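S.K.: File follows, my_file.cif with mmCIF, C-alpha atoms:
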```
data_target
#
loop_
_atom_site.group_PDB
_atom_site.id
_atom_site.type_symbol
_atom_site.label_atom_id
_atom_site.label_comp_id
_atom_site.auth_asym_id
_atom_site.auth_seq_id
_atom_site.Cartn_x
_atom_site.Cartn_y
_atom_site.Cartn_z
ATOM 1 C CA SER A 1 -27.404 -0.591 24.121
ATOM 2 C CA PHE A 2 -23.950 -1.635 23.043
ATOM 3 C CA ILE A 3 -21.015 -0.659 25.264
ATOM 4 C CA MET A 4 -17.557 -0.639 23.650
ATOM 5 C CA PRO A 5 -15.286 -3.013 25.603
ATOM 6 C CA LYS A 6 -12.217 -1.569 27.292
ATOM 7 C CA PHE A 7 -10.131 -4.646 26.558
ATOM 8 C CA CYS A 8 -9.564 -6.687 23.388
ATOM 9 C CA PRO A 9 -11.812 -9.807 23.417
ATOM 10 C CA VAL A 10 -8.991 -11.828 21.825
ATOM 11 C CA CYS A 11 -5.825 -10.854 23.738
ATOM 12 C CA SER A 12 -7.202 -8.715 26.633
ATOM 13 C CA SER A 13 -4.970 -5.747 25.764
ATOM 14 C CA ASN A 14 -6.233 -2.177 26.113
ATOM 15 C CA ILE A 15 -8.504 -0.799 23.428
ATOM 16 C CA ILE A 16 -7.910 2.807 22.409
ATOM 17 C CA ASN A 17 -9.795 5.388 20.382
ATOM 18 C CA GLN A 18 -7.495 7.838 18.610
ATOM 19 C CA GLU A 19 -8.666 11.440 18.705
ATOM 20 C CA GLY A 20 -10.527 12.294 15.526
ATOM 21 C CA GLU A 21 -11.190 8.639 14.612
ATOM 22 C CA VAL A 22 -14.325 6.538 14.921
ATOM 23 C CA ALA A 23 -12.507 3.203 15.161
ATOM 24 C CA HIS A 24 -11.517 1.625 18.469
ATOM 25 C CA ARG A 25 -8.369 -0.466 18.202
ATOM 26 C CA CYS A 26 -6.440 -3.075 20.131
ATOM 27 C CA ILE A 27 -2.932 -1.719 20.762
ATOM 28 C CA ASN A 28 -1.203 -5.112 20.954
ATOM 29 C CA TYR A 29 0.778 -5.629 17.725
ATOM 30 C CA GLU A 30 1.083 -9.352 18.567
ATOM 31 C CA CYS A 31 -2.653 -9.896 19.122
ATOM 32 C CA PRO A 32 -3.657 -13.158 17.316
ATOM 33 C CA ALA A 33 -6.581 -11.420 15.610
ATOM 34 C CA GLN A 34 -4.244 -8.732 14.284
ATOM 35 C CA ILE A 35 -1.730 -11.345 13.169
ATOM 36 C CA LYS A 36 -4.432 -13.150 11.166
ATOM 37 C CA ALA A 37 -5.579 -9.915 9.540
ATOM 38 C CA ARG A 38 -2.005 -8.831 8.717
ATOM 39 C CA ILE A 39 -1.145 -12.193 7.154
ATOM 40 C CA ALA A 40 -4.387 -12.299 5.154
ATOM 41 C CA HIS A 41 -3.581 -8.824 3.829
ATOM 42 C CA PHE A 42 0.074 -9.687 3.161
ATOM 43 C CA VAL A 43 -0.782 -12.692 0.971
ATOM 44 C CA SER A 44 -3.681 -10.982 -0.853
ATOM 45 C CA ARG A 45 -3.750 -10.429 -4.619
ATOM 46 C CA ASN A 46 -2.871 -6.718 -4.551
ATOM 47 C CA ALA A 47 -0.085 -7.286 -2.030
ATOM 48 C CA MET A 48 2.339 -10.253 -2.268
ATOM 49 C CA ASP A 49 -0.177 -12.286 -4.302
ATOM 50 C CA ILE A 50 0.525 -15.698 -2.743
ATOM 51 C CA ASP A 51 -1.936 -17.933 -4.551
ATOM 52 C CA GLY A 52 -3.608 -20.664 -2.498
ATOM 53 C CA PHE A 53 -3.155 -18.936 0.860
ATOM 54 C CA GLY A 54 -6.808 -18.518 1.840
ATOM 55 C CA ILE A 55 -8.196 -17.131 5.090
ATOM 56 C CA ALA A 56 -9.069 -20.621 6.416
ATOM 57 C CA LEU A 57 -5.427 -21.686 6.087
ATOM 58 C CA VAL A 58 -4.231 -18.433 7.685
ATOM 59 C CA GLU A 59 -6.519 -18.964 10.687
ATOM 60 C CA GLN A 60 -5.501 -22.596 11.078
ATOM 61 C CA LEU A 61 -1.771 -21.878 10.987
ATOM 62 C CA VAL A 62 -2.069 -18.959 13.432
ATOM 63 C CA ASP A 63 -4.300 -20.948 15.811
ATOM 64 C CA GLU A 64 -1.720 -23.766 15.757
ATOM 65 C CA GLN A 65 1.012 -21.146 16.353
ATOM 66 C CA ARG A 66 2.858 -22.112 13.199
ATOM 67 C CA LEU A 67 2.543 -18.506 12.065
ATOM 68 C CA LYS A 68 3.229 -15.671 14.491
ATOM 69 C CA SER A 69 4.066 -13.009 11.890
ATOM 70 C CA VAL A 70 4.123 -12.535 8.128
ATOM 71 C CA ALA A 71 7.798 -13.516 8.150
ATOM 72 C CA ASP A 72 6.908 -17.025 9.332
ATOM 73 C CA ILE A 73 5.208 -17.642 5.979
ATOM 74 C CA TYR A 74 8.677 -18.126 4.506
ATOM 75 C CA SER A 75 9.614 -20.774 7.071
ATOM 76 C CA LEU A 76 6.777 -23.121 6.069
ATOM 77 C CA LYS A 77 7.757 -26.498 4.629
ATOM 78 C CA GLU A 78 5.964 -28.493 1.976
ATOM 79 C CA LEU A 79 5.686 -31.638 4.121
ATOM 80 C CA GLU A 80 4.016 -29.857 7.054
ATOM 81 C CA LEU A 81 1.509 -28.228 4.713
ATOM 82 C CA ALA A 82 0.697 -31.436 2.820
ATOM 83 C CA VAL A 83 -0.762 -33.116 5.927
ATOM 84 C CA LEU A 84 -3.197 -30.285 6.671
ATOM 85 C CA ASP A 85 -6.912 -30.630 5.966
ATOM 86 C CA ARG A 86 -7.904 -29.964 2.341
ATOM 87 C CA MET A 87 -4.295 -29.527 1.228
ATOM 88 C CA GLY A 88 -2.476 -32.584 -0.096
ATOM 89 C CA GLU A 89 0.912 -32.823 -1.781
ATOM 90 C CA LYS A 90 -0.002 -30.996 -5.000
ATOM 91 C CA SER A 91 -1.610 -28.017 -3.246
ATOM 92 C CA ALA A 92 1.275 -27.821 -0.767
ATOM 93 C CA SER A 93 3.820 -27.874 -3.586
ATOM 94 C CA ASN A 94 1.983 -25.114 -5.481
ATOM 95 C CA LEU A 95 1.710 -22.992 -2.338
ATOM 96 C CA ILE A 96 5.417 -23.265 -1.562
ATOM 97 C CA ALA A 97 6.209 -22.296 -5.171
ATOM 98 C CA SER A 98 3.947 -19.238 -4.856
ATOM 99 C CA ILE A 99 5.545 -18.299 -1.518
ATOM 100 C CA ASN A 100 9.027 -18.481 -3.038
ATOM 101 C CA ALA A 101 7.936 -16.452 -6.083
ATOM 102 C CA SER A 102 6.624 -13.693 -3.821
ATOM 103 C CA LYS A 103 10.119 -12.988 -2.481
ATOM 104 C CA ASN A 104 10.843 -10.857 -5.543
ATOM 105 C CA LYS A 105 7.641 -8.846 -5.859
ATOM 106 C CA THR A 106 7.946 -5.135 -6.567
ATOM 107 C CA PHE A 107 8.871 -2.744 -3.770
ATOM 108 C CA SER A 108 5.504 -0.964 -3.972
ATOM 109 C CA ARG A 109 3.634 -4.247 -3.479
ATOM 110 C CA PHE A 110 5.869 -5.072 -0.519
ATOM 111 C CA ILE A 111 5.241 -1.705 1.147
ATOM 112 C CA PHE A 112 1.481 -2.110 0.689
ATOM 113 C CA ALA A 113 1.639 -5.706 1.943
ATOM 114 C CA LEU A 114 3.094 -4.597 5.282
ATOM 115 C CA GLY A 115 -0.345 -3.325 6.251
ATOM 116 C CA ILE A 116 0.741 0.009 7.697
ATOM 117 C CA PRO A 117 -2.346 2.128 8.473
ATOM 118 C CA TYR A 118 -3.039 4.908 5.933
ATOM 119 C CA ILE A 119 -0.564 3.393 3.450
ATOM 120 C CA GLY A 120 -2.711 2.197 0.567
ATOM 121 C CA GLN A 121 -1.635 1.077 -2.887
ATOM 122 C CA HIS A 122 -1.245 4.587 -4.286
ATOM 123 C CA THR A 123 0.810 5.838 -1.337
ATOM 124 C CA ALA A 124 2.940 2.683 -1.510
ATOM 125 C CA GLU A 125 3.670 3.441 -5.172
ATOM 126 C CA LEU A 126 4.651 7.023 -4.311
ATOM 127 C CA LEU A 127 7.064 5.814 -1.631
ATOM 128 C CA ALA A 128 8.524 3.091 -3.867
ATOM 129 C CA ASN A 129 9.252 5.694 -6.538
ATOM 130 C CA LEU A 130 11.061 7.935 -4.051
ATOM 131 C CA TYR A 131 13.008 5.416 -1.958
ATOM 132 C CA SER A 132 15.193 2.769 -3.537
ATOM 133 C CA ASP A 133 15.115 0.194 -0.746
ATOM 134 C CA LEU A 134 13.627 -0.657 2.629
ATOM 135 C CA GLU A 135 16.599 0.671 4.590
ATOM 136 C CA SER A 136 16.295 4.160 3.113
ATOM 137 C CA LEU A 137 12.537 4.139 3.728
ATOM 138 C CA THR A 138 12.819 3.028 7.363
ATOM 139 C CA ASN A 139 15.270 5.864 8.062
ATOM 140 C CA VAL A 140 13.070 8.586 6.599
ATOM 141 C CA LYS A 141 12.083 11.554 8.792
ATOM 142 C CA LYS A 142 8.549 12.859 9.227
ATOM 143 C CA GLU A 143 9.599 16.247 7.831
ATOM 144 C CA GLN A 144 10.647 14.547 4.592
ATOM 145 C CA LEU A 145 7.405 12.576 4.315
ATOM 146 C CA ILE A 146 5.027 15.489 4.707
ATOM 147 C CA GLU A 147 6.859 17.346 1.943
ATOM 148 C CA ILE A 148 5.682 14.625 -0.470
ATOM 149 C CA HIS A 149 2.492 15.676 -2.203
ATOM 150 C CA GLU A 150 -0.446 13.371 -1.326
ATOM 151 C CA ILE A 151 1.135 12.132 1.901
ATOM 152 C CA GLY A 152 -0.513 13.774 4.887
ATOM 153 C CA GLU A 153 0.182 13.956 8.614
ATOM 154 C CA LYS A 154 -1.692 10.730 9.449
ATOM 155 C CA ALA A 155 0.189 8.648 6.880
ATOM 156 C CA ALA A 156 3.529 10.185 7.915
ATOM 157 C CA ASP A 157 2.860 9.585 11.628
ATOM 158 C CA SER A 158 1.751 6.018 10.913
ATOM 159 C CA LEU A 159 4.960 5.217 9.004
ATOM 160 C CA ILE A 160 7.191 6.750 11.650
ATOM 161 C CA ASN A 161 5.361 4.921 14.455
ATOM 162 C CA TYR A 162 5.741 1.585 12.705
ATOM 163 C CA PHE A 163 9.404 2.169 11.927
ATOM 164 C CA ASN A 164 9.932 2.781 15.641
ATOM 165 C CA ASN A 165 8.034 -0.343 16.702
ATOM 166 C CA GLU A 166 10.479 -3.061 17.787
ATOM 167 C CA SER A 167 8.088 -5.897 16.925
ATOM 168 C CA PHE A 168 7.601 -4.527 13.415
ATOM 169 C CA LEU A 169 11.347 -4.050 12.907
ATOM 170 C CA ARG A 170 11.965 -7.661 14.000
ATOM 171 C CA VAL A 171 9.514 -8.829 11.341
ATOM 172 C CA LEU A 172 11.326 -6.775 8.684
ATOM 173 C CA SER A 173 14.639 -8.260 9.778
ATOM 174 C CA CYS A 174 13.246 -11.805 9.589
ATOM 175 C CA LEU A 175 11.797 -11.186 6.128
ATOM 176 C CA LYS A 176 15.244 -10.130 4.959
ATOM 177 C CA GLU A 177 16.830 -13.230 6.500
ATOM 178 C CA PHE A 178 14.334 -15.437 4.665
ATOM 179 C CA GLY A 179 15.411 -13.900 1.372
ATOM 180 C CA VAL A 180 12.506 -11.548 0.749
ATOM 181 C CA ASN A 181 14.095 -9.086 -1.644
ATOM 182 C CA PRO A 182 11.505 -6.780 -3.245
ATOM 183 C CA LYS A 183 12.510 -5.353 -6.610
ATOM 184 C CA TYR A 184 13.022 -1.651 -7.010
ATOM 185 C CA GLU A 185 11.840 -0.704 -10.465
ATOM 186 C CA GLN A 186 13.253 2.567 -11.686
ATOM 187 C CA LYS A 187 10.665 4.055 -13.990
ATOM 188 C CA ALA A 188 11.964 5.551 -17.198
ATOM 189 C CA LEU A 189 11.401 9.268 -17.537
ATOM 190 C CA GLY A 190 8.374 9.853 -19.725
ATOM 191 C CA SER A 191 7.213 12.852 -21.711
ATOM 192 C CA LEU A 192 4.985 13.901 -18.785
ATOM 193 C CA SER A 193 7.569 13.262 -16.068
ATOM 194 C CA GLY A 194 7.344 15.740 -13.211
ATOM 195 C CA LYS A 195 3.992 17.119 -14.380
ATOM 196 C CA THR A 196 0.718 16.918 -12.469
ATOM 197 C CA PHE A 197 -2.745 16.428 -13.944
ATOM 198 C CA LEU A 198 -6.383 16.461 -12.970
ATOM 199 C CA ILE A 199 -9.354 15.465 -15.132
ATOM 200 C CA THR A 200 -12.810 17.045 -14.992
ATOM 201 C CA GLY A 201 -15.932 16.357 -17.040
ATOM 202 C CA THR A 202 -16.729 13.470 -19.391
ATOM 203 C CA LEU A 203 -14.077 12.591 -21.954
ATOM 204 C CA THR A 204 -15.219 11.506 -25.426
ATOM 205 C CA LYS A 205 -12.236 9.536 -26.708
ATOM 206 C CA TYR A 206 -11.045 7.937 -23.462
ATOM 207 C CA LYS A 207 -12.610 6.490 -20.385
ATOM 208 C CA ARG A 208 -11.404 8.244 -17.234
ATOM 209 C CA PHE A 209 -9.145 5.374 -16.170
ATOM 210 C CA GLU A 210 -7.650 5.167 -19.683
ATOM 211 C CA ALA A 211 -6.697 8.840 -19.642
ATOM 212 C CA GLU A 212 -5.196 8.474 -16.165
ATOM 213 C CA SER A 213 -3.212 5.428 -17.339
ATOM 214 C CA LEU A 214 -1.908 7.441 -20.310
ATOM 215 C CA ILE A 215 -0.686 10.110 -17.899
ATOM 216 C CA LYS A 216 0.880 7.669 -15.430
ATOM 217 C CA ASN A 217 2.530 5.554 -18.133
ATOM 218 C CA ASN A 218 4.271 8.675 -19.426
ATOM 219 C CA GLY A 219 5.570 9.714 -16.021
ATOM 220 C CA GLY A 220 2.844 12.158 -14.965
ATOM 221 C CA ARG A 221 0.991 12.203 -11.652
ATOM 222 C CA ILE A 222 -2.718 12.490 -10.949
ATOM 223 C CA LEU A 223 -3.781 14.951 -8.259
ATOM 224 C CA SER A 224 -7.069 14.782 -6.374
ATOM 225 C CA THR A 225 -7.790 18.512 -6.000
ATOM 226 C CA VAL A 226 -7.096 21.836 -7.703
ATOM 227 C CA SER A 227 -4.114 23.641 -6.179
ATOM 228 C CA LYS A 228 -1.043 25.614 -7.185
ATOM 229 C CA LYS A 229 0.761 22.271 -7.504
ATOM 230 C CA LEU A 230 -1.442 21.369 -10.488
ATOM 231 C CA ASN A 231 0.137 21.824 -13.942
ATOM 232 C CA TYR A 232 -2.657 20.690 -16.273
ATOM 233 C CA LEU A 233 -6.430 20.414 -16.010
ATOM 234 C CA VAL A 234 -7.819 18.082 -18.686
ATOM 235 C CA VAL A 235 -11.341 19.232 -19.490
ATOM 236 C CA GLY A 236 -14.106 17.094 -20.983
ATOM 237 C CA GLU A 237 -17.808 17.709 -21.510
ATOM 238 C CA ASN A 238 -19.850 19.170 -18.633
ATOM 239 C CA PRO A 239 -16.853 20.064 -16.427
ATOM 240 C CA GLY A 240 -17.453 20.675 -12.749
ATOM 241 C CA SER A 241 -16.261 23.279 -10.293
ATOM 242 C CA LYS A 242 -12.626 22.246 -10.844
ATOM 243 C CA LEU A 243 -12.640 24.257 -14.066
ATOM 244 C CA GLN A 244 -13.743 27.469 -12.328
ATOM 245 C CA LYS A 245 -11.162 26.977 -9.590
ATOM 246 C CA SER A 246 -8.396 26.333 -12.136
ATOM 247 C CA GLU A 247 -9.250 29.441 -14.136
ATOM 248 C CA LYS A 248 -8.408 31.496 -11.052
ATOM 249 C CA ILE A 249 -4.854 30.079 -10.874
ATOM 250 C CA SER A 250 -2.723 31.463 -13.678
ATOM 251 C CA THR A 251 -0.104 28.698 -13.529
ATOM 252 C CA ILE A 252 -2.565 25.935 -14.457
ATOM 253 C CA ASP A 253 -2.845 25.063 -18.166
ATOM 254 C CA ILE A 254 -6.371 24.060 -19.163
ATOM 255 C CA ILE A 255 -6.220 21.491 -21.972
ATOM 256 C CA SER A 256 -8.414 19.048 -23.908
ATOM 257 C CA GLU A 257 -7.902 15.300 -24.202
ATOM 258 C CA ILE A 258 -6.462 15.896 -27.697
ATOM 259 C CA ASP A 259 -3.915 18.266 -26.143
ATOM 260 C CA LEU A 260 -3.127 15.553 -23.613
ATOM 261 C CA GLU A 261 -2.410 13.097 -26.420
ATOM 262 C CA SER A 262 -0.009 15.572 -28.012
ATOM 263 C CA LEU A 263 1.837 16.095 -24.723
ATOM 264 C CA ALA A 264 2.127 12.355 -24.141
ATOM 265 C CA VAL A 265 3.790 11.639 -27.484
#
```
Please express the file's structure as structure tokens.
M.R.:
Amino acid sequence: SFIMPKFCPVCSSNIINQEGEVAHRCINYECPAQIKARIAHFVSRNAMDIDGFGIALVEQLVDEQRLKSVADIYSLKELELAVLDRMGEKSASNLIASINASKNKTFSRFIFALGIPYIGQHTAELLANLYSDLESLTNVKKEQLIEIHEIGEKAADSLINYFNNESFLRVLSCLKEFGVNPKYEQKALGSLSGKTFLITGTLTKYKRFEAESLIKNNGGRILSTVSKKLNYLVVGENPGSKLQKSEKISTIDIISEIDLESLAV
């Protein structure tokens, strides 16, 4: 039978199991295996989208200690990349161009790219809409975070822990020094701004993702469950239990997809 090791097989640091979680984790932020995973996530398409930065290159540069954090990506030079296996001058030039272009990605992409546990793309977008820059986000208090709908205790604790981690803060400082300046995009107020929506049943005119995009593009927010924070329930054919739950809350307006169109105009 398998016995979970007490120490990380890569860096020999302690392995811990957080209460209520299945995963066992290495606690060393500077563990080479963690560094590789963080960099691979940072450069990925949904994060900083650095084209040409594959996992093989990440592993090679970390193993050779050319990369010790995501910030070191921005210290790479074209000449040192060109001599690597399967690179060449053209690939190195394209990679450096992609690295430089990533310095001005949106703030939500940057937050997601940092790889903070429990902070996925949606949560990153919520935070980017509420905080105008990295400094204001790093100074946020847990009490403020848990007041934000859709951000729970685990996500709030994770953010606070990272913003109190000296190694993580050094990386943020280095990124700033290298000119990484994520754009804050102030969204224009739409006709659904400040309103919350939930969809149940099968829509006839729209696919589910199309209806959700219509809501988001007009400033509305999509909730995951029925609660008193819900303003509108959009009902299609064969609605589920969400309809019955919503009918018991007088403040929720139950509308059709045609009604939704009218509201979004």
S.K.: What lies within 9 Å of stretch 167-181 of chain A using only C-alpha atoms, ignoring chain neighbours under 5 positions off, as an MDAnalysis selection string?
M.R.: chainID A and resid 29:30 69:72 74:75 100 102:107 134 162
S.K.: Excluding same-chain residues fewer than 5 positions from A:Asn14, what lies within 12 Å of it counting only C-alpha atoms, as a PyMOL selection string?
M.R.: chain A and resi 4-9+24-29+31
S.K.: Let's have the selection written as a PDB file, keeping the file's coordinate frame, with C-alpha atoms.
M.R.:
```pdb
ATOM      1  CA  MET A   4     -17.557  -0.639  23.650  1.00  0.00           C
ATOM      2  CA  PRO A   5     -15.286  -3.013  25.603  1.00  0.00           C
ATOM      3  CA  LYS A   6     -12.217  -1.569  27.292  1.00  0.00           C
ATOM      4  CA  PHE A   7     -10.131  -4.646  26.558  1.00  0.00           C
ATOM      5  CA  CYS A   8      -9.564  -6.687  23.388  1.00  0.00           C
ATOM      6  CA  PRO A   9     -11.812  -9.807  23.417  1.00  0.00           C
ATOM      7  CA  HIS A  24     -11.517   1.625  18.469  1.00  0.00           C
ATOM      8  CA  ARG A  25      -8.369  -0.466  18.202  1.00  0.00           C
ATOM      9  CA  CYS A  26      -6.440  -3.075  20.131  1.00  0.00           C
ATOM     10  CA  ILE A  27      -2.932  -1.719  20.762  1.00  0.00           C
ATOM     11  CA  ASN A  28      -1.203  -5.112  20.954  1.00  0.00           C
ATOM     12  CA  TYR A  29       0.778  -5.629  17.725  1.00  0.00           C
ATOM     13  CA  CYS A  31      -2.653  -9.896  19.122  1.00  0.00           C
TER      14      CYS A  31
END
```
S.K.: Expanded to explicit residues, what is the PyMOL selection byres ((chain A and resi 63) around 12) for this file, as number ranges by chain?
M.R.: A: 10, 31-33, 35-36, 56-62, 64-68
S.K.: Quick one: residues within 10 Å of stretch 112-129 of chain A, only C-alpha atoms, excluding same-chain residues fewer than 3 positions away - as a ChimeraX atom specification?
M.R.: /A:37-49,70,106-109,132-134,137,145,148-159,161-163,168,171-172,183-187,221
S.K.: Running the PyMOL selection byres ((chain A and resi 82) around 12) on this model by hand, what would come out? Give it as a PyMOL selection string.
M.R.: chain A and resi 57+76-81+83-96
S.K.: Decode the PyMOL selection byres ((chain A and resi 229) around 12) for the given file into explicit residues and return them as a ChimeraX atom specification.
M.R.: /A:148-150,194-198,221-228,230-233,246,249-253
S.K.: Which residue is closest to A:Gly52? Choose from A:Cys11, A:Val22, A:Ile146, A:Ala97 and count only C-alpha atoms.
M.R.: A:Ala97
S.K.: Quick one: pull the distance between atom CA of A:Asn218 and atom CA of A:Ser191, Å, one decimal.
M.R.: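 Computing the Euclidean distance for atom CA of A:Asn218 and atom CA of A:Ser191 yields 5.6 Å.
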S.K.: Which is closer to A:Leu214 than all the others in A:Ala264, A:Leu243, A:Ile254, A:Ala23, using all atoms listed in the file?
M.R.: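 Looking only at the distances to A:Leu214, the closest residue turns out to be A:Ala264.
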S.K.: What is the atom CA of A:Ile99-atom CA of A:Ile55 distance in Å, reported with one decimal?
M.R.: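 So the two atoms, atom CA of A:Ile99 and atom CA of A:Ile55, lie 15.3 Å apart.
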S.K.: Between atom CA of A:Ile50 and atom CA of A:Ser136, what is the spacing in Å?
M.R.: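 Interatomic distance, atom CA of A:Ser136 to atom CA of A:Ile50: 26.0 Å.
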S.K.: Could you work out an axis-aligned box for stretch 13-18 of chain A, taking every atom the file lists and adding 6 Å on each side, and report centre and edge lengths in Å to one decimal, as lines of an AutoDock Vina configuration file?
M.R.:
```
center_x = -7.4
center_y = 1.0
center_z = 22.4
size_x = 16.8
size_y = 25.6
size_z = 19.5
```
S.K.: Measuring between all atoms listed in the file, which one of A:Glu147, A:Glu237, A:Glu21, A:Glu135 shows the shortest distance to A:Ser256?
M.R.: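 Going through A:Glu147, A:Glu237, A:Glu21, A:Glu135 one by one, the smallest distance to A:Ser256 is for A:Glu237.
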